[in-house]
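Trainee: Okay, handing you the structure first.
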Amino acid sequence: MRTASRIRTLRFIWSLSSVGDSLRRSKALTTLSGAPDVEGHLEFCRQAEASGIESLLMAFGFTRPDPLAYSAALGQHTDKIKFLVAVRSGIVSPTYFVQQVNTLSQLTGGRVCINIVAGRAPDELKYYGDFLTHDERYERTDEFWDICHALWRGEGPVDYAGRHYRVEGARINTPFGGDGMGRPEIYIGGSSEQAIALAIRHADCLLTLPDAPERMAERIRPVLDSGTEVGLLVSLISKPTRAEAIDAAYELVATAGEQAKELHGTLRGRSDSVGYRRTYDLAAQEDSWASPYLWTGAVPYLGPPGISLVGSPEDIVEALEQYRDIGVSQFLFMGHPDLEQMTFFGREVLPLVRERERATVR
C-alpha cells in the first residue's frame, strides 16, 4: 500500500552558497570573500525560476553576505523564487528577528522561508560571541522559536522567561506577508537527536545529510510520524550517462587536490556537528559508494556537503524515488558547477521526476 509520503510531490531547493566557485569548499575559510557577486547570483536566481527550483538557500557565516539583507536585494529583481534564509539563535533577539523576517516578507510578497541552524564550528561561533556547547545551543534555539512562534500566532503581547531569553509584552506590528500562513515555512538543519526533537517541535521540515535509504529509514521515522517533512542536503553530479557522471565526480576530486583533503582533515576535528561527524565517518569507509547512487568520495575534499548523488538522469530519478519510498519529500542540492548542474537538472531530470509522479498516482 502506498503511503501519503510515498506519493508526495517532491520539492527542490538549491544552495546559493558556492555559486560561481564550485571549489569554494576546498579552500581555507580565512581566504574566502563575503562580497557578493550580485549579477552572477541574479542570473542564477532567474535560471532557478526557469528550472523548477522552488527556493534558494541563503547560508549564514562570516565568509558570506548577511542572508536577510541579501535576500531583500535579490528579491527586488526576481518574481517567483523563494529565499531559504539561514538563522542562528544567539545572533539577534527573537523579537527583532521576527520583525526582520516579516519586513522581508513584505518586500518580496512572502517569498521567504527559514533554515534554523545551531552552528557546527565552535571557533567560528565565538566570532559572534557564542560560547555555548552543542546541547546548550539547541536548548537556546528551542526557546528562540517558542518566542518566534508566539509572535507569529499573534496571541497578544508575548511574555516569556527562559534560561536564555526573557521578553515582556513583546509584539510586532509588521505582519508576515504571504499566502495567509501567517509565518514563514520553517526548516531545521541537523542530524542529532536534539535537531530531530527541535524539528518535531518547531519546524515544517528537517533538512539532514543523507545515508543509504535503508539506513536512514528508521532514523527519520519519528519525524515523519509527527507530520514533519524530511529533506536531504546533497550534492548532485549528473551527466547524460552514468559513466560520464562518474568521470566528472573523480575529476572534481582530482581538481580539488590533496591540499583540500588536508584542510578538511583539520576541519573534521573542529566540528561538533553530529551530521558532519557521521558523514566524515561514512566517507572513511573503504567503499566510497554508500548506495548505488550515493557517493562519499568528495567528502574528504569538500566536506560533508560534498556527499553526492551521481549518475545519469535515470539514475538520479531512481535515487530520488528510493528516498521518497522512505518518506523523504524535499531535496536541497549543490552542484559542481551549480549553474550547469541546475540547468541540466531542470531540463533532463525534473521532467522524468514529474512523469514518474504522474504515473504513481494514476
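By order in the C-alpha cells, chains are A, B, ...; within a chain, residues start at 1; ligands start at 1, following the order shown.
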A:Ile220: which residues within 9 Å, counting only C-alpha atoms, same-chain residues fewer than 6 positions away excluded, as a PyMOL selection string?

Mentor: chain A and resi 196+206+230+326-328

Trainee: Just all heavy atoms for this one: save the residues we selected as an mmCIF file, in the first residue's frame.

Mentor:
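What ended up in result05.cif:
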data_model
loop_
_atom_site.group_PDB
_atom_site.id
_atom_site.type_symbol
_atom_site.label_atom_id
_atom_site.label_comp_id
_atom_site.auth_asym_id
_atom_site.auth_seq_id
_atom_site.Cartn_x
_atom_site.Cartn_y
_atom_site.Cartn_z
ATOM 1 N N ILE A 196 16.429 16.552 15.698
ATOM 2 C CA ILE A 196 15.182 15.855 15.384
ATOM 3 C C ILE A 196 14.064 16.318 16.313
ATOM 4 O O ILE A 196 12.940 16.602 15.872
ATOM 5 C CB ILE A 196 15.403 14.336 15.472
ATOM 6 C CG1 ILE A 196 16.255 13.864 14.284
ATOM 7 C CG2 ILE A 196 14.069 13.584 15.507
ATOM 8 C CD1 ILE A 196 16.678 12.414 14.358
ATOM 9 N N LEU A 206 12.670 18.797 8.386
ATOM 10 C CA LEU A 206 14.034 18.542 8.839
ATOM 11 C C LEU A 206 14.920 18.378 7.612
ATOM 12 O O LEU A 206 14.642 17.544 6.747
ATOM 13 C CB LEU A 206 14.093 17.275 9.684
ATOM 14 C CG LEU A 206 15.499 16.765 10.040
ATOM 15 C CD1 LEU A 206 16.150 17.668 11.088
ATOM 16 C CD2 LEU A 206 15.453 15.316 10.547
ATOM 17 N N VAL A 230 10.762 15.544 5.754
ATOM 18 C CA VAL A 230 12.203 15.324 5.799
ATOM 19 C C VAL A 230 12.781 15.649 4.430
ATOM 20 O O VAL A 230 12.242 15.231 3.398
ATOM 21 C CB VAL A 230 12.556 13.874 6.181
ATOM 22 C CG1 VAL A 230 14.064 13.629 6.055
ATOM 23 C CG2 VAL A 230 12.099 13.576 7.610
ATOM 24 N N ILE A 326 11.088 6.037 1.492
ATOM 25 C CA ILE A 326 11.223 6.038 2.951
ATOM 26 C C ILE A 326 10.655 7.316 3.569
ATOM 27 O O ILE A 326 10.758 7.519 4.785
ATOM 28 C CB ILE A 326 12.673 5.834 3.407
ATOM 29 C CG1 ILE A 326 13.569 6.996 2.968
ATOM 30 C CG2 ILE A 326 13.217 4.502 2.895
ATOM 31 C CD1 ILE A 326 14.944 7.001 3.639
ATOM 32 N N GLY A 327 10.068 8.191 2.739
ATOM 33 C CA GLY A 327 9.387 9.365 3.263
ATOM 34 C C GLY A 327 10.033 10.694 2.997
ATOM 35 O O GLY A 327 9.477 11.735 3.356
ATOM 36 N N VAL A 328 11.207 10.728 2.368
ATOM 37 C CA VAL A 328 11.869 11.994 2.054
ATOM 38 C C VAL A 328 11.077 12.698 0.948
ATOM 39 O O VAL A 328 10.738 12.087 -0.063
ATOM 40 C CB VAL A 328 13.320 11.763 1.604
ATOM 41 C CG1 VAL A 328 13.959 13.068 1.134
ATOM 42 C CG2 VAL A 328 14.133 11.143 2.730
#

Trainee: If we count only C-alpha atoms and set the cut-off at 9 Å, which residues sit around A:Glu124, ignoring sequence neighbours fewer than 4 positions away in its own chain? Please answer as a list in words.

Mentor: Gly61, Phe62, Gly119, Arg120, Tyr128 and Asp130 of chain A

Trainee: Would you mind exporting the chosen residues as a PDB file, in the first residue's frame, restricted to N, CA, C and O atoms?

Mentor:
ATOM      1  N   GLY A  61      27.226  32.901   7.715  1.00  0.00           N
ATOM      2  CA  GLY A  61      28.606  32.708   8.153  1.00  0.00           C
ATOM      3  C   GLY A  61      29.446  33.932   7.857  1.00  0.00           C
ATOM      4  O   GLY A  61      29.045  34.822   7.089  1.00  0.00           O
ATOM      5  N   PHE A  62      30.621  33.979   8.460  1.00  0.00           N
ATOM      6  CA  PHE A  62      31.454  35.176   8.325  1.00  0.00           C
ATOM      7  C   PHE A  62      32.051  35.325   6.932  1.00  0.00           C
ATOM      8  O   PHE A  62      32.561  36.398   6.586  1.00  0.00           O
ATOM      9  N   GLY A 119      24.651  25.856  14.332  1.00  0.00           N
ATOM     10  CA  GLY A 119      26.096  26.087  14.220  1.00  0.00           C
ATOM     11  C   GLY A 119      26.855  24.790  14.356  1.00  0.00           C
ATOM     12  O   GLY A 119      26.440  23.879  15.069  1.00  0.00           O
ATOM     13  N   ARG A 120      27.984  24.699  13.655  1.00  0.00           N
ATOM     14  CA  ARG A 120      28.741  23.444  13.653  1.00  0.00           C
ATOM     15  C   ARG A 120      30.223  23.624  13.951  1.00  0.00           C
ATOM     16  O   ARG A 120      30.940  22.643  14.110  1.00  0.00           O
ATOM     17  N   TYR A 128      30.946  35.503  16.908  1.00  0.00           N
ATOM     18  CA  TYR A 128      29.682  36.201  17.144  1.00  0.00           C
ATOM     19  C   TYR A 128      29.319  36.261  18.629  1.00  0.00           C
ATOM     20  O   TYR A 128      28.193  36.611  18.977  1.00  0.00           O
ATOM     21  N   ASP A 130      29.253  33.656  20.703  1.00  0.00           N
ATOM     22  CA  ASP A 130      28.503  32.463  21.099  1.00  0.00           C
ATOM     23  C   ASP A 130      29.471  31.414  21.638  1.00  0.00           C
ATOM     24  O   ASP A 130      30.250  30.825  20.880  1.00  0.00           O
TER      25      ASP A 130
END

Trainee: Go through stretch 61-225 of chain A and collect every residue that DSSP, computed from the backbone, puts in alpha helix (DSSP H); the answer should be as an mmCIF file with N, CA and C atoms, in the first residue's frame.

Mentor:
data_model
loop_
_atom_site.group_PDB
_atom_site.id
_atom_site.type_symbol
_atom_site.label_atom_id
_atom_site.label_comp_id
_atom_site.auth_asym_id
_atom_site.auth_seq_id
_atom_site.Cartn_x
_atom_site.Cartn_y
_atom_site.Cartn_z
ATOM 1 N N PRO A 67 22.444 37.059 5.131
ATOM 2 C CA PRO A 67 21.429 36.415 4.287
ATOM 3 C C PRO A 67 20.100 37.152 4.210
ATOM 4 N N LEU A 68 19.683 37.814 5.283
ATOM 5 C CA LEU A 68 18.423 38.555 5.231
ATOM 6 C C LEU A 68 18.540 39.775 4.324
ATOM 7 N N ALA A 69 19.602 40.559 4.516
ATOM 8 C CA ALA A 69 19.788 41.752 3.688
ATOM 9 C C ALA A 69 19.965 41.378 2.221
ATOM 10 N N TYR A 70 20.724 40.301 1.970
ATOM 11 C CA TYR A 70 20.981 39.920 0.580
ATOM 12 C C TYR A 70 19.722 39.365 -0.082
ATOM 13 N N SER A 71 18.904 38.646 0.674
ATOM 14 C CA SER A 71 17.636 38.150 0.127
ATOM 15 C C SER A 71 16.732 39.306 -0.253
ATOM 16 N N ALA A 72 16.718 40.352 0.571
ATOM 17 C CA ALA A 72 15.903 41.521 0.247
ATOM 18 C C ALA A 72 16.356 42.146 -1.065
ATOM 19 N N ALA A 73 17.669 42.216 -1.278
ATOM 20 C CA ALA A 73 18.191 42.809 -2.515
ATOM 21 C C ALA A 73 17.843 41.952 -3.732
ATOM 22 N N LEU A 74 18.077 40.652 -3.645
ATOM 23 C CA LEU A 74 17.789 39.767 -4.781
ATOM 24 C C LEU A 74 16.294 39.674 -5.037
ATOM 25 N N GLY A 75 15.508 39.764 -3.970
ATOM 26 C CA GLY A 75 14.066 39.663 -4.121
ATOM 27 C C GLY A 75 13.446 40.786 -4.919
ATOM 28 N N PRO A 94 14.896 37.140 19.423
ATOM 29 C CA PRO A 94 13.812 36.556 18.617
ATOM 30 C C PRO A 94 12.787 37.590 18.173
ATOM 31 N N THR A 95 12.518 38.586 18.998
ATOM 32 C CA THR A 95 11.549 39.612 18.619
ATOM 33 C C THR A 95 12.050 40.409 17.414
ATOM 34 N N TYR A 96 13.303 40.812 17.466
ATOM 35 C CA TYR A 96 13.863 41.568 16.341
ATOM 36 C C TYR A 96 13.943 40.684 15.101
ATOM 37 N N PHE A 97 14.251 39.411 15.270
ATOM 38 C CA PHE A 97 14.318 38.512 14.126
ATOM 39 C C PHE A 97 12.963 38.407 13.432
ATOM 40 N N VAL A 98 11.886 38.255 14.187
ATOM 41 C CA VAL A 98 10.554 38.197 13.585
ATOM 42 C C VAL A 98 10.262 39.490 12.826
ATOM 43 N N GLN A 99 10.660 40.614 13.390
ATOM 44 C CA GLN A 99 10.475 41.895 12.704
ATOM 45 C C GLN A 99 11.238 41.914 11.381
ATOM 46 N N GLN A 100 12.474 41.419 11.379
ATOM 47 C CA GLN A 100 13.268 41.371 10.144
ATOM 48 C C GLN A 100 12.621 40.477 9.096
ATOM 49 N N VAL A 101 12.202 39.287 9.508
ATOM 50 C CA VAL A 101 11.611 38.329 8.571
ATOM 51 C C VAL A 101 10.296 38.867 8.020
ATOM 52 N N ASN A 102 9.468 39.432 8.881
ATOM 53 C CA ASN A 102 8.199 39.980 8.411
ATOM 54 C C ASN A 102 8.419 41.129 7.439
ATOM 55 N N THR A 103 9.431 41.944 7.692
ATOM 56 C CA THR A 103 9.754 43.026 6.763
ATOM 57 C C THR A 103 10.193 42.457 5.414
ATOM 58 N N LEU A 104 11.057 41.442 5.432
ATOM 59 C CA LEU A 104 11.483 40.806 4.186
ATOM 60 C C LEU A 104 10.292 40.225 3.438
ATOM 61 N N SER A 105 9.363 39.622 4.167
ATOM 62 C CA SER A 105 8.177 39.050 3.513
ATOM 63 C C SER A 105 7.337 40.136 2.842
ATOM 64 N N GLN A 106 7.263 41.301 3.465
ATOM 65 C CA GLN A 106 6.508 42.401 2.864
ATOM 66 C C GLN A 106 7.185 42.895 1.588
ATOM 67 N N LEU A 107 8.501 42.872 1.556
ATOM 68 C CA LEU A 107 9.255 43.348 0.389
ATOM 69 C C LEU A 107 9.219 42.358 -0.766
ATOM 70 N N THR A 108 9.022 41.073 -0.476
ATOM 71 C CA THR A 108 9.122 40.037 -1.512
ATOM 72 C C THR A 108 7.807 39.307 -1.769
ATOM 73 N N PRO A 122 32.631 25.525 16.583
ATOM 74 C CA PRO A 122 32.744 26.363 17.788
ATOM 75 C C PRO A 122 33.675 27.560 17.617
ATOM 76 N N ASP A 123 34.771 27.403 16.868
ATOM 77 C CA ASP A 123 35.690 28.530 16.681
ATOM 78 C C ASP A 123 34.981 29.707 16.014
ATOM 79 N N GLU A 124 34.199 29.414 14.961
ATOM 80 C CA GLU A 124 33.509 30.487 14.241
ATOM 81 C C GLU A 124 32.349 31.047 15.054
ATOM 82 N N LEU A 125 31.683 30.225 15.836
ATOM 83 C CA LEU A 125 30.596 30.702 16.678
ATOM 84 C C LEU A 125 31.084 31.766 17.655
ATOM 85 N N HIS A 134 27.265 22.386 22.167
ATOM 86 C CA HIS A 134 26.305 21.865 21.187
ATOM 87 C C HIS A 134 24.912 21.737 21.796
ATOM 88 N N ASP A 135 24.787 21.068 22.928
ATOM 89 C CA ASP A 135 23.478 20.834 23.525
ATOM 90 C C ASP A 135 22.857 22.130 24.041
ATOM 91 N N GLU A 136 23.673 23.018 24.584
ATOM 92 C CA GLU A 136 23.158 24.303 25.058
ATOM 93 C C GLU A 136 22.620 25.144 23.905
ATOM 94 N N ARG A 137 23.274 25.067 22.745
ATOM 95 C CA ARG A 137 22.779 25.827 21.587
ATOM 96 C C ARG A 137 21.392 25.355 21.178
ATOM 97 N N TYR A 138 21.156 24.059 21.239
ATOM 98 C CA TYR A 138 19.827 23.552 20.899
ATOM 99 C C TYR A 138 18.795 23.960 21.947
ATOM 100 N N GLU A 139 19.188 23.977 23.203
ATOM 101 C CA GLU A 139 18.283 24.429 24.260
ATOM 102 C C GLU A 139 17.897 25.888 24.036
ATOM 103 N N ARG A 140 18.885 26.717 23.717
ATOM 104 C CA ARG A 140 18.615 28.117 23.437
ATOM 105 C C ARG A 140 17.732 28.275 22.196
ATOM 106 N N THR A 141 18.009 27.493 21.165
ATOM 107 C CA THR A 141 17.234 27.585 19.934
ATOM 108 C C THR A 141 15.782 27.204 20.162
ATOM 109 N N ASP A 142 15.534 26.243 21.033
ATOM 110 C CA ASP A 142 14.166 25.865 21.389
ATOM 111 C C ASP A 142 13.429 27.068 21.979
ATOM 112 N N GLU A 143 14.067 27.795 22.887
ATOM 113 C CA GLU A 143 13.456 28.981 23.481
ATOM 114 C C GLU A 143 13.234 30.066 22.426
ATOM 115 N N PHE A 144 14.221 30.257 21.560
ATOM 116 C CA PHE A 144 14.130 31.254 20.487
ATOM 117 C C PHE A 144 12.864 31.043 19.673
ATOM 118 N N TRP A 145 12.606 29.781 19.304
ATOM 119 C CA TRP A 145 11.459 29.503 18.442
ATOM 120 C C TRP A 145 10.151 29.471 19.195
ATOM 121 N N ASP A 146 10.176 29.204 20.482
ATOM 122 C CA ASP A 146 8.958 29.394 21.283
ATOM 123 C C ASP A 146 8.467 30.829 21.149
ATOM 124 N N ILE A 147 9.387 31.777 21.270
ATOM 125 C CA ILE A 147 9.029 33.194 21.204
ATOM 126 C C ILE A 147 8.609 33.585 19.788
ATOM 127 N N CYS A 148 9.372 33.149 18.793
ATOM 128 C CA CYS A 148 9.030 33.487 17.401
ATOM 129 C C CYS A 148 7.633 32.996 17.045
ATOM 130 N N HIS A 149 7.333 31.740 17.368
ATOM 131 C CA HIS A 149 6.012 31.201 17.032
ATOM 132 C C HIS A 149 4.900 31.954 17.748
ATOM 133 N N ALA A 150 5.135 32.308 19.011
ATOM 134 C CA ALA A 150 4.118 33.059 19.746
ATOM 135 C C ALA A 150 3.842 34.401 19.082
ATOM 136 N N LEU A 151 4.883 35.063 18.606
ATOM 137 C CA LEU A 151 4.701 36.339 17.915
ATOM 138 C C LEU A 151 3.958 36.151 16.596
ATOM 139 N N TRP A 152 4.305 35.101 15.851
ATOM 140 C CA TRP A 152 3.627 34.874 14.573
ATOM 141 C C TRP A 152 2.172 34.464 14.773
ATOM 142 N N ARG A 153 1.885 33.777 15.867
ATOM 143 C CA ARG A 153 0.492 33.413 16.126
ATOM 144 C C ARG A 153 -0.344 34.629 16.500
ATOM 145 N N GLU A 193 19.984 13.958 17.766
ATOM 146 C CA GLU A 193 18.703 13.748 18.442
ATOM 147 C C GLU A 193 18.063 15.083 18.805
ATOM 148 N N GLN A 194 18.897 16.058 19.182
ATOM 149 C CA GLN A 194 18.368 17.381 19.527
ATOM 150 C C GLN A 194 17.745 18.058 18.307
ATOM 151 N N ALA A 195 18.387 17.907 17.140
ATOM 152 C CA ALA A 195 17.845 18.509 15.921
ATOM 153 C C ALA A 195 16.513 17.865 15.548
ATOM 154 N N ILE A 196 16.429 16.552 15.698
ATOM 155 C CA ILE A 196 15.182 15.855 15.384
ATOM 156 C C ILE A 196 14.064 16.318 16.313
ATOM 157 N N ALA A 197 14.358 16.421 17.608
ATOM 158 C CA ALA A 197 13.351 16.881 18.558
ATOM 159 C C ALA A 197 12.914 18.305 18.250
ATOM 160 N N LEU A 198 13.863 19.155 17.874
ATOM 161 C CA LEU A 198 13.550 20.544 17.558
ATOM 162 C C LEU A 198 12.700 20.626 16.291
ATOM 163 N N ALA A 199 12.998 19.797 15.306
ATOM 164 C CA ALA A 199 12.214 19.786 14.071
ATOM 165 C C ALA A 199 10.772 19.375 14.354
ATOM 166 N N ILE A 200 10.604 18.349 15.161
ATOM 167 C CA ILE A 200 9.255 17.893 15.502
ATOM 168 C C ILE A 200 8.482 18.991 16.231
ATOM 169 N N ARG A 201 9.172 19.713 17.071
ATOM 170 C CA ARG A 201 8.517 20.731 17.904
ATOM 171 C C ARG A 201 8.241 22.034 17.147
ATOM 172 N N HIS A 202 9.140 22.436 16.249
ATOM 173 C CA HIS A 202 9.054 23.784 15.697
ATOM 174 C C HIS A 202 9.004 23.873 14.174
ATOM 175 N N PRO A 213 19.393 4.737 1.832
ATOM 176 C CA PRO A 213 17.995 4.800 2.264
ATOM 177 C C PRO A 213 17.633 3.802 3.350
ATOM 178 N N GLU A 214 18.137 2.574 3.235
ATOM 179 C CA GLU A 214 17.769 1.562 4.225
ATOM 180 C C GLU A 214 18.300 1.885 5.611
ATOM 181 N N ARG A 215 19.401 2.634 5.688
ATOM 182 C CA ARG A 215 19.934 3.009 6.998
ATOM 183 C C ARG A 215 19.258 4.271 7.540
ATOM 184 N N MET A 216 18.709 5.097 6.654
ATOM 185 C CA MET A 216 18.064 6.336 7.089
ATOM 186 C C MET A 216 16.651 6.127 7.584
ATOM 187 N N ALA A 217 15.992 5.100 7.087
ATOM 188 C CA ALA A 217 14.546 4.961 7.276
ATOM 189 C C ALA A 217 14.146 5.020 8.746
ATOM 190 N N GLU A 218 14.823 4.257 9.586
ATOM 191 C CA GLU A 218 14.442 4.208 10.995
ATOM 192 C C GLU A 218 14.731 5.534 11.689
ATOM 193 N N ARG A 219 15.828 6.183 11.327
ATOM 194 C CA ARG A 219 16.222 7.425 11.993
ATOM 195 C C ARG A 219 15.230 8.553 11.734
ATOM 196 N N ILE A 220 14.647 8.615 10.536
ATOM 197 C CA ILE A 220 13.735 9.713 10.216
ATOM 198 C C ILE A 220 12.277 9.380 10.511
ATOM 199 N N ARG A 221 11.992 8.147 10.897
ATOM 200 C CA ARG A 221 10.598 7.749 11.120
ATOM 201 C C ARG A 221 9.903 8.603 12.167
ATOM 202 N N PRO A 222 10.519 8.924 13.320
ATOM 203 C CA PRO A 222 9.813 9.766 14.298
ATOM 204 C C PRO A 222 9.435 11.132 13.745
ATOM 205 N N VAL A 223 10.280 11.683 12.875
ATOM 206 C CA VAL A 223 9.987 12.986 12.275
ATOM 207 C C VAL A 223 8.756 12.880 11.385
ATOM 208 N N LEU A 224 8.726 11.874 10.534
ATOM 209 C CA LEU A 224 7.603 11.685 9.625
ATOM 210 C C LEU A 224 6.323 11.383 10.395
ATOM 211 N N ASP A 225 6.425 10.582 11.439
ATOM 212 C CA ASP A 225 5.246 10.242 12.234
ATOM 213 C C ASP A 225 4.639 11.468 12.906
#

Trainee: Within stretch 14-239 of chain A, find each residue whose DSSP state, derived from the backbone, is strand (DSSP E), and express the selection as a PyMOL selection string.

Mentor: chain A and resi 14-15+55-58+82-87+112-116+158-161+166-170+186-189+205-208+229-238

Trainee: Which residues come within 8 Å of A:Arg111, counting only C-alpha atoms, excluding same-chain residues fewer than 2 positions away, as JSON, numbers by chain?

Mentor: {"A": [75, 80, 81, 82, 83, 105, 108, 109, 113, 178]}

Trainee: Export, as a short mmCIF file (atom, residue, chain, number, x, y, z; two decimals), in the first residue's frame, the selected residues with N, CA, C and O atoms.

Mentor:
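part_33.cif, written as the output of this step:
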data_model
loop_
_atom_site.label_atom_id
_atom_site.label_comp_id
_atom_site.auth_asym_id
_atom_site.auth_seq_id
_atom_site.Cartn_x
_atom_site.Cartn_y
_atom_site.Cartn_z
N GLY A 75 15.51 39.76 -3.97
CA GLY A 75 14.07 39.66 -4.12
C GLY A 75 13.45 40.79 -4.92
O GLY A 75 12.36 40.62 -5.50
N LYS A 80 9.56 34.78 -8.68
CA LYS A 80 8.95 33.60 -8.08
C LYS A 80 9.81 32.92 -7.03
O LYS A 80 9.29 32.31 -6.10
N ILE A 81 11.11 32.98 -7.19
CA ILE A 81 11.99 32.19 -6.33
C ILE A 81 11.86 32.64 -4.87
O ILE A 81 11.76 33.82 -4.56
N LYS A 82 11.84 31.67 -3.97
CA LYS A 82 11.83 31.95 -2.54
C LYS A 82 13.26 31.92 -2.00
O LYS A 82 14.15 31.33 -2.62
N PHE A 83 13.45 32.52 -0.86
CA PHE A 83 14.77 32.58 -0.23
C PHE A 83 14.71 31.86 1.11
O PHE A 83 13.96 32.26 2.00
N SER A 105 9.36 39.62 4.17
CA SER A 105 8.18 39.05 3.51
C SER A 105 7.34 40.14 2.84
O SER A 105 6.77 39.92 1.76
N THR A 108 9.02 41.07 -0.48
CA THR A 108 9.12 40.04 -1.51
C THR A 108 7.81 39.31 -1.77
O THR A 108 7.80 38.30 -2.49
N GLY A 109 6.72 39.77 -1.20
CA GLY A 109 5.46 39.07 -1.39
C GLY A 109 5.43 37.72 -0.71
O GLY A 109 4.81 36.78 -1.24
N CYS A 113 11.48 31.75 3.48
CA CYS A 113 11.36 30.65 4.42
C CYS A 113 12.65 30.62 5.24
O CYS A 113 13.63 31.29 4.89
N GLY A 178 2.23 37.17 2.84
CA GLY A 178 2.40 35.97 2.02
C GLY A 178 1.07 35.35 1.69
O GLY A 178 0.08 36.03 1.44
#

Trainee: So, with only C-alpha atoms as the atoms that count, which of A:Ser191, A:Gln322, A:Thr133, A:Ser235 lies closest to A:Pro305?

Mentor: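 So, comparing all the options, the nearest one is A:Ser235.
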
Trainee: Within 9 Å of A:Phe12, counting only C-alpha atoms, which residues qualify if same-chain residues fewer than 6 places away don't, as a PDB file with N, CA, C and O atoms, in the first residue's frame?

Mentor:
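See out.pdb below for the written result:
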ATOM      1  N   GLY A  52      12.578  25.142 -12.348  1.00  0.00           N
ATOM      2  CA  GLY A  52      11.666  24.443 -11.450  1.00  0.00           C
ATOM      3  C   GLY A  52      12.141  24.345 -10.021  1.00  0.00           C
ATOM      4  O   GLY A  52      11.611  23.545  -9.245  1.00  0.00           O
ATOM      5  N   ILE A  53      13.133  25.163  -9.653  1.00  0.00           N
ATOM      6  CA  ILE A  53      13.615  25.188  -8.275  1.00  0.00           C
ATOM      7  C   ILE A  53      12.709  26.118  -7.476  1.00  0.00           C
ATOM      8  O   ILE A  53      12.401  27.226  -7.898  1.00  0.00           O
ATOM      9  N   GLU A  54      12.307  25.677  -6.299  1.00  0.00           N
ATOM     10  CA  GLU A  54      11.354  26.446  -5.506  1.00  0.00           C
ATOM     11  C   GLU A  54      12.021  27.518  -4.657  1.00  0.00           C
ATOM     12  O   GLU A  54      11.504  28.634  -4.528  1.00  0.00           O
ATOM     13  N   SER A  55      13.164  27.169  -4.032  1.00  0.00           N
ATOM     14  CA  SER A  55      13.816  28.081  -3.093  1.00  0.00           C
ATOM     15  C   SER A  55      15.323  28.013  -3.267  1.00  0.00           C
ATOM     16  O   SER A  55      15.867  27.012  -3.755  1.00  0.00           O
ATOM     17  N   SER A 329      10.817  13.998   1.129  1.00  0.00           N
ATOM     18  CA  SER A 329       9.993  14.707   0.155  1.00  0.00           C
ATOM     19  C   SER A 329      10.618  15.996  -0.370  1.00  0.00           C
ATOM     20  O   SER A 329      10.057  16.626  -1.267  1.00  0.00           O
ATOM     21  N   GLN A 330      11.789  16.390   0.176  1.00  0.00           N
ATOM     22  CA  GLN A 330      12.454  17.591  -0.319  1.00  0.00           C
ATOM     23  C   GLN A 330      13.948  17.323  -0.469  1.00  0.00           C
ATOM     24  O   GLN A 330      14.512  16.504   0.265  1.00  0.00           O
ATOM     25  N   PHE A 331      14.566  18.057  -1.395  1.00  0.00           N
ATOM     26  CA  PHE A 331      15.993  17.907  -1.655  1.00  0.00           C
ATOM     27  C   PHE A 331      16.614  19.287  -1.806  1.00  0.00           C
ATOM     28  O   PHE A 331      16.131  20.115  -2.590  1.00  0.00           O
ATOM     29  N   LEU A 332      17.671  19.517  -1.036  1.00  0.00           N
ATOM     30  CA  LEU A 332      18.466  20.741  -1.130  1.00  0.00           C
ATOM     31  C   LEU A 332      19.768  20.377  -1.820  1.00  0.00           C
ATOM     32  O   LEU A 332      20.616  19.694  -1.249  1.00  0.00           O
ATOM     33  N   PHE A 333      19.916  20.812  -3.063  1.00  0.00           N
ATOM     34  CA  PHE A 333      21.057  20.417  -3.881  1.00  0.00           C
ATOM     35  C   PHE A 333      22.162  21.470  -3.872  1.00  0.00           C
ATOM     36  O   PHE A 333      21.928  22.664  -3.714  1.00  0.00           O
TER      37      PHE A 333
END
